[in-house]
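A.B. asks: Got a structure for you, written out below as structure tokens; questions coming shortly.
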Amino acid sequence: MTTRMMLKLLTGLTLAGATLAAAADEWRRDFKVDSANWVDHGTNPYFILEPGYRWRYKHGAVVLTITVLDETKKVDGVTTRVVEEREEKNGQPLEVSRNYFALDKSTHDLYYFGEDVDIYKDGKVVEHEGAWLSGVNGAKFGLLLPGKPKVGDKFYQEVAPKVAMDRAEIVSVDEKIETPAGTYEHCLHAKETTPLEKGVSHKFYARGVGLVKDDDLVLESLDKPGK
């Protein structure tokens with residue numbers, strides 16, 4: 001191989017490496033928040049982090065209930081709000097998780113600090129797959145939903161190496177979603193993937209309401225505090 005050919009090959013490899021690096025970097029995974037701005041309650045335009053709110057979703061025999069609990073948990077030095085997700089099939093539990101969230105009160109960005117997970121079989125807890133906490137084993141908090149979402153924005157929602165690496169891309173902020181709970185205009189559409197496995201999940205959020213469709217699961221009801 002001539003010197004010129006070698007230089008050409010090395011240049012090609014360098015450019016290819018730079019392209020791969022750029023592709024890897026397009027998903028934001030580092031988020032800086034002033035410690036004075038953390039709050040454990042409040043609102044993101046597409047999520048209500050206030051105790052007592054409860055969303056119920058259904059698809060066939062599967063029911064998912066998401067409840068903002070009147071509980072907090074200190075994770076990675078930050079006081080987070082506990083949000084319970086309970087998935088059932090034919091009235092029997094499949095998975096129950098306690099998720100930990102905090103808001104940046106200056107931007108209304110909603111951050112995800114981890115989850116404790118119980119997975120059930122025949123009514124008994126059999127494993128805790130997917131559990132992680134920011135600050136433990138190299139994990140750190142991710143961005144669940146930005147306060148000012150922009151189409152094309154890409155970011156990690158979970159940053160727990162080899163355990164949970166969900167990431168989201170904002171593909172639209174003008175979707176129309178029909179559910180048993182109502183019809184919602186101008187919804188945010190987030191396409192979620194993970195480098196840990198194949199598959200794509202599609203989530204839709206309505207302003208002032210929250211998640212209204214999660215793949216096949218659609219919103220059936222929203223209960224507000226005191227109602």
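Residue numbers start at 1 in each chain; chains themselves are named A, B, ... in the order of the structure tokens; ligands are numbered from 1 in the order shown.
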Just the residues within 9 Å of segment 211-215 of chain A, please, counting only C-alpha atoms, with nothing from its chain fewer than 4 positions along; format it as a list of chain:residue names.
C.D. replies: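 Here the answer would be A:Tyr46, A:Phe47, A:Trp55, A:Tyr57, A:Ile177, A:Glu178, A:Thr179, A:Ala181, A:Tyr184, A:Cys187, A:Ser201, A:His202, A:Lys203, A:Phe204, A:Tyr205, A:Ala206, A:Leu219, A:Glu220.
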A.B. asks: Using only N, CA and C atoms, please write the residues we just selected to a file, as a PDB file, in the first residue's frame.
C.D. replies:
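The result, stored in part.pdb:
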```
ATOM      1  N   TYR A  46     -46.489  19.259  30.422  1.00  0.00           N
ATOM      2  CA  TYR A  46     -47.061  17.979  30.017  1.00  0.00           C
ATOM      3  C   TYR A  46     -47.098  16.951  31.146  1.00  0.00           C
ATOM      4  N   PHE A  47     -46.841  17.380  32.373  1.00  0.00           N
ATOM      5  CA  PHE A  47     -46.894  16.454  33.503  1.00  0.00           C
ATOM      6  C   PHE A  47     -47.171  17.237  34.777  1.00  0.00           C
ATOM      7  N   TRP A  55     -53.846   8.919  37.060  1.00  0.00           N
ATOM      8  CA  TRP A  55     -54.223   8.637  35.678  1.00  0.00           C
ATOM      9  C   TRP A  55     -54.446   7.132  35.541  1.00  0.00           C
ATOM     10  N   TYR A  57     -55.077   4.052  32.666  1.00  0.00           N
ATOM     11  CA  TYR A  57     -54.983   3.681  31.252  1.00  0.00           C
ATOM     12  C   TYR A  57     -55.410   2.224  31.091  1.00  0.00           C
ATOM     13  N   ILE A 177     -55.036  13.243  19.682  1.00  0.00           N
ATOM     14  CA  ILE A 177     -55.212  11.920  20.269  1.00  0.00           C
ATOM     15  C   ILE A 177     -56.623  11.804  20.836  1.00  0.00           C
ATOM     16  N   GLU A 178     -57.321  10.730  20.447  1.00  0.00           N
ATOM     17  CA  GLU A 178     -58.664  10.467  20.955  1.00  0.00           C
ATOM     18  C   GLU A 178     -58.596   9.326  21.965  1.00  0.00           C
ATOM     19  N   THR A 179     -59.178   9.532  23.130  1.00  0.00           N
ATOM     20  CA  THR A 179     -59.190   8.533  24.197  1.00  0.00           C
ATOM     21  C   THR A 179     -60.573   8.497  24.835  1.00  0.00           C
ATOM     22  N   ALA A 181     -61.177   9.219  27.725  1.00  0.00           N
ATOM     23  CA  ALA A 181     -61.235  10.359  28.645  1.00  0.00           C
ATOM     24  C   ALA A 181     -61.448  11.683  27.922  1.00  0.00           C
ATOM     25  N   TYR A 184     -57.713  15.182  22.631  1.00  0.00           N
ATOM     26  CA  TYR A 184     -56.701  16.171  22.982  1.00  0.00           C
ATOM     27  C   TYR A 184     -55.961  16.646  21.736  1.00  0.00           C
ATOM     28  N   CYS A 187     -50.855  17.605  20.974  1.00  0.00           N
ATOM     29  CA  CYS A 187     -50.130  16.738  21.897  1.00  0.00           C
ATOM     30  C   CYS A 187     -48.659  16.602  21.501  1.00  0.00           C
ATOM     31  N   SER A 201     -41.033   2.742  21.432  1.00  0.00           N
ATOM     32  CA  SER A 201     -42.258   3.040  22.161  1.00  0.00           C
ATOM     33  C   SER A 201     -42.696   4.458  21.806  1.00  0.00           C
ATOM     34  N   HIS A 202     -44.008   4.652  21.685  1.00  0.00           N
ATOM     35  CA  HIS A 202     -44.534   5.973  21.337  1.00  0.00           C
ATOM     36  C   HIS A 202     -45.438   6.475  22.458  1.00  0.00           C
ATOM     37  N   LYS A 203     -45.087   7.632  22.989  1.00  0.00           N
ATOM     38  CA  LYS A 203     -45.868   8.232  24.061  1.00  0.00           C
ATOM     39  C   LYS A 203     -46.387   9.592  23.618  1.00  0.00           C
ATOM     40  N   PHE A 204     -47.614   9.902  24.059  1.00  0.00           N
ATOM     41  CA  PHE A 204     -48.259  11.160  23.688  1.00  0.00           C
ATOM     42  C   PHE A 204     -48.727  11.869  24.960  1.00  0.00           C
ATOM     43  N   TYR A 205     -48.400  13.148  25.062  1.00  0.00           N
ATOM     44  CA  TYR A 205     -48.726  13.943  26.233  1.00  0.00           C
ATOM     45  C   TYR A 205     -49.557  15.155  25.821  1.00  0.00           C
ATOM     46  N   ALA A 206     -50.594  15.450  26.614  1.00  0.00           N
ATOM     47  CA  ALA A 206     -51.428  16.632  26.368  1.00  0.00           C
ATOM     48  C   ALA A 206     -51.090  17.708  27.399  1.00  0.00           C
ATOM     49  N   LEU A 219     -55.654   6.710  27.834  1.00  0.00           N
ATOM     50  CA  LEU A 219     -56.197   7.280  29.057  1.00  0.00           C
ATOM     51  C   LEU A 219     -57.698   7.051  29.162  1.00  0.00           C
ATOM     52  N   GLU A 220     -58.099   6.489  30.305  1.00  0.00           N
ATOM     53  CA  GLU A 220     -59.533   6.289  30.577  1.00  0.00           C
ATOM     54  C   GLU A 220     -60.087   7.316  31.535  1.00  0.00           C
TER      55      GLU A 220
END
```
A.B. asks: Write out as a list in words which residues come within 9 Å of Val39 of chain A when counting only C-alpha atoms, dropping same-chain ones fewer than 2 positions away.
C.D. replies: Ala36, Asn37, His41, Gly42, Val78, Thr79, Thr80, Arg81, Ala102, Leu103, Asp104 and Lys105 of chain A
A.B. asks: Could you check the closest approach to Ser221 of chain A for each of A:Glu175, A:Tyr120, A:Pro180, A:Gly147 and tell me which residue wins, using only C-alpha atoms?
C.D. replies: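 Counting only C-alpha atoms, the residue closest to Ser221 of chain A is A:Pro180.
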A.B. asks: To one decimal in Å, tell me the separation between atom CA of Gln157 of chain A and atom CA of Gln92 of chain A.
C.D. replies: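 Atom CA of Gln157 of chain A sits 28.5 Å away from atom CA of Gln92 of chain A.
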A.B. asks: Let me make sure I understand: among A:Val63, A:Val75, A:Leu222, A:Leu69, which one has the smallest atom-to-atom distance to Glu88 of chain A if we use only C-alpha atoms?
C.D. replies: A:Val63
A.B. asks: In segment 20-225 of chain A, what's strand (DSSP E) per DSSP? Answer as a VMD selection string?
C.D. replies: chain A and resid 38 to 39 42 to 44 47 to 49 54 to 59 62 to 75 78 to 89 92 to 104 110 to 121 124 to 127 132 to 133 140 to 145 154 to 156 158 to 159 167 to 179 182 to 194 197 to 206 210 to 214 217 to 223
A.B. asks: Within 10 Å of Glu95 of chain A, counting only C-alpha atoms, which residues show up once you throw out same-chain ones fewer than 3 positions away? Write them as a PDB file with C-alpha atoms, in the first residue's frame, please.
C.D. replies:
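Once everything was written out, this is around15.pdb:
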```
ATOM      1  CA  LEU A  64     -52.004   0.901  34.193  1.00  0.00           C
ATOM      2  CA  GLU A  85     -46.995   3.009  38.468  1.00  0.00           C
ATOM      3  CA  ARG A  86     -49.153  -0.081  38.949  1.00  0.00           C
ATOM      4  CA  GLU A  87     -49.705  -2.410  35.992  1.00  0.00           C
ATOM      5  CA  GLU A  88     -52.306  -5.161  36.291  1.00  0.00           C
ATOM      6  CA  LYS A  89     -53.855  -7.792  34.074  1.00  0.00           C
ATOM      7  CA  GLN A  92     -53.616  -9.317  39.111  1.00  0.00           C
ATOM      8  CA  VAL A 117     -39.363  -2.091  40.808  1.00  0.00           C
ATOM      9  CA  ASP A 118     -41.380  -5.119  41.871  1.00  0.00           C
ATOM     10  CA  ILE A 119     -42.245  -7.619  39.133  1.00  0.00           C
ATOM     11  CA  TYR A 120     -44.956 -10.139  39.955  1.00  0.00           C
ATOM     12  CA  LYS A 121     -45.807 -13.678  38.920  1.00  0.00           C
ATOM     13  CA  VAL A 125     -42.783 -10.594  43.684  1.00  0.00           C
ATOM     14  CA  GLU A 127     -37.667  -9.934  40.597  1.00  0.00           C
ATOM     15  CA  HIS A 128     -36.695  -6.262  40.512  1.00  0.00           C
TER      16      HIS A 128
END
```
A.B. asks: Need to verify the contact set: His59 of chain A, 8 Å, only C-alpha atoms, exclusion of same-chain residues closer than 3 positions in sequence. Can you return it as a list in words?
C.D. replies: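 Contacts, in chain order: Val62, Val63, Asp216, Leu217 and Val218 of chain A.
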A.B. asks: Identify, on the basis of only C-alpha atoms, every residue whose closest approach to His186 of chain A does not exceed 7 Å; exclude the query and any residue fewer than 5 positions from it along the same chain; express the result as a list in words.
C.D. replies: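 Returned residues: Val173, Asp174, Glu175 and Lys176 of chain A.
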A.B. asks: I need the residue nearest Glu26 of chain A from this list: A:Lys162, A:Lys224, A:Arg207, A:Lys154. Use only C-alpha atoms for the distance.
C.D. replies: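 Among the listed residues, A:Lys154 lies closest to Glu26 of chain A.
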A.B. asks: Between A:Leu94, A:Val33, A:Leu133, A:Ile48, which residue has the minimum interatomic distance to Ala61 of chain A, considering only C-alpha atoms?
C.D. replies: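 The closest residue to Ala61 of chain A is A:Leu94.
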A.B. asks: Would you kindly return, as a PyMOL selection string, each protein, DNA or RNA residue with an atom no farther than 12 Å from any atom of Gly130 of chain A, considering only C-alpha atoms and excluding same-chain residues fewer than 4 positions away?
C.D. replies: chain A and resi 95-99+114-119+158-166+196
A.B. asks: Please, could you write that set of residues out with N, CA and C atoms as a PDB file, in the first residue's frame?
C.D. replies:
```pdb
ATOM      1  N   GLU A  95     -46.599  -5.514  37.491  1.00  0.00           N
ATOM      2  CA  GLU A  95     -45.427  -4.731  37.888  1.00  0.00           C
ATOM      3  C   GLU A  95     -45.881  -3.508  38.667  1.00  0.00           C
ATOM      4  N   VAL A  96     -45.172  -3.228  39.753  1.00  0.00           N
ATOM      5  CA  VAL A  96     -45.413  -2.018  40.536  1.00  0.00           C
ATOM      6  C   VAL A  96     -44.067  -1.332  40.731  1.00  0.00           C
ATOM      7  N   SER A  97     -44.007  -0.064  40.341  1.00  0.00           N
ATOM      8  CA  SER A  97     -42.754   0.670  40.482  1.00  0.00           C
ATOM      9  C   SER A  97     -42.993   1.987  41.213  1.00  0.00           C
ATOM     10  N   ARG A  98     -41.981   2.396  41.979  1.00  0.00           N
ATOM     11  CA  ARG A  98     -41.973   3.691  42.643  1.00  0.00           C
ATOM     12  C   ARG A  98     -40.920   4.532  41.944  1.00  0.00           C
ATOM     13  N   ASN A  99     -41.375   5.536  41.218  1.00  0.00           N
ATOM     14  CA  ASN A  99     -40.505   6.367  40.401  1.00  0.00           C
ATOM     15  C   ASN A  99     -40.233   7.690  41.109  1.00  0.00           C
ATOM     16  N   GLY A 114     -34.740   7.759  39.039  1.00  0.00           N
ATOM     17  CA  GLY A 114     -34.663   6.315  39.217  1.00  0.00           C
ATOM     18  C   GLY A 114     -35.972   5.706  39.665  1.00  0.00           C
ATOM     19  N   GLU A 115     -35.917   4.415  39.947  1.00  0.00           N
ATOM     20  CA  GLU A 115     -37.133   3.699  40.332  1.00  0.00           C
ATOM     21  C   GLU A 115     -36.792   2.425  41.107  1.00  0.00           C
ATOM     22  N   ASP A 116     -37.679   2.077  42.018  1.00  0.00           N
ATOM     23  CA  ASP A 116     -37.671   0.765  42.660  1.00  0.00           C
ATOM     24  C   ASP A 116     -38.767  -0.051  41.994  1.00  0.00           C
ATOM     25  N   VAL A 117     -38.461  -1.285  41.628  1.00  0.00           N
ATOM     26  CA  VAL A 117     -39.363  -2.091  40.808  1.00  0.00           C
ATOM     27  C   VAL A 117     -39.662  -3.433  41.455  1.00  0.00           C
ATOM     28  N   ASP A 118     -40.947  -3.783  41.469  1.00  0.00           N
ATOM     29  CA  ASP A 118     -41.380  -5.119  41.871  1.00  0.00           C
ATOM     30  C   ASP A 118     -42.102  -5.752  40.689  1.00  0.00           C
ATOM     31  N   ILE A 119     -41.609  -6.889  40.225  1.00  0.00           N
ATOM     32  CA  ILE A 119     -42.245  -7.619  39.133  1.00  0.00           C
ATOM     33  C   ILE A 119     -42.892  -8.872  39.712  1.00  0.00           C
ATOM     34  N   GLU A 158     -33.111   8.020  31.208  1.00  0.00           N
ATOM     35  CA  GLU A 158     -32.482   7.192  32.232  1.00  0.00           C
ATOM     36  C   GLU A 158     -31.012   7.017  31.858  1.00  0.00           C
ATOM     37  N   VAL A 159     -30.129   7.173  32.828  1.00  0.00           N
ATOM     38  CA  VAL A 159     -28.708   6.990  32.550  1.00  0.00           C
ATOM     39  C   VAL A 159     -28.145   6.033  33.603  1.00  0.00           C
ATOM     40  N   ALA A 160     -28.481   4.767  33.447  1.00  0.00           N
ATOM     41  CA  ALA A 160     -28.009   3.719  34.341  1.00  0.00           C
ATOM     42  C   ALA A 160     -27.367   2.631  33.479  1.00  0.00           C
ATOM     43  N   PRO A 161     -26.060   2.699  33.241  1.00  0.00           N
ATOM     44  CA  PRO A 161     -25.374   1.776  32.342  1.00  0.00           C
ATOM     45  C   PRO A 161     -25.707   0.317  32.596  1.00  0.00           C
ATOM     46  N   LYS A 162     -26.060  -0.387  31.515  1.00  0.00           N
ATOM     47  CA  LYS A 162     -26.370  -1.817  31.494  1.00  0.00           C
ATOM     48  C   LYS A 162     -27.677  -2.165  32.213  1.00  0.00           C
ATOM     49  N   VAL A 163     -28.363  -1.163  32.740  1.00  0.00           N
ATOM     50  CA  VAL A 163     -29.613  -1.425  33.465  1.00  0.00           C
ATOM     51  C   VAL A 163     -30.798  -0.729  32.809  1.00  0.00           C
ATOM     52  N   ALA A 164     -30.701   0.584  32.666  1.00  0.00           N
ATOM     53  CA  ALA A 164     -31.798   1.379  32.101  1.00  0.00           C
ATOM     54  C   ALA A 164     -31.210   2.574  31.365  1.00  0.00           C
ATOM     55  N   MET A 165     -31.413   2.614  30.053  1.00  0.00           N
ATOM     56  CA  MET A 165     -30.855   3.688  29.225  1.00  0.00           C
ATOM     57  C   MET A 165     -31.909   4.221  28.255  1.00  0.00           C
ATOM     58  N   ASP A 166     -33.126   4.382  28.727  1.00  0.00           N
ATOM     59  CA  ASP A 166     -34.190   4.890  27.858  1.00  0.00           C
ATOM     60  C   ASP A 166     -33.868   6.307  27.392  1.00  0.00           C
ATOM     61  N   LEU A 196     -30.045  -0.669  24.758  1.00  0.00           N
ATOM     62  CA  LEU A 196     -29.920  -1.980  25.396  1.00  0.00           C
ATOM     63  C   LEU A 196     -30.743  -3.060  24.716  1.00  0.00           C
TER      64      LEU A 196
END
```
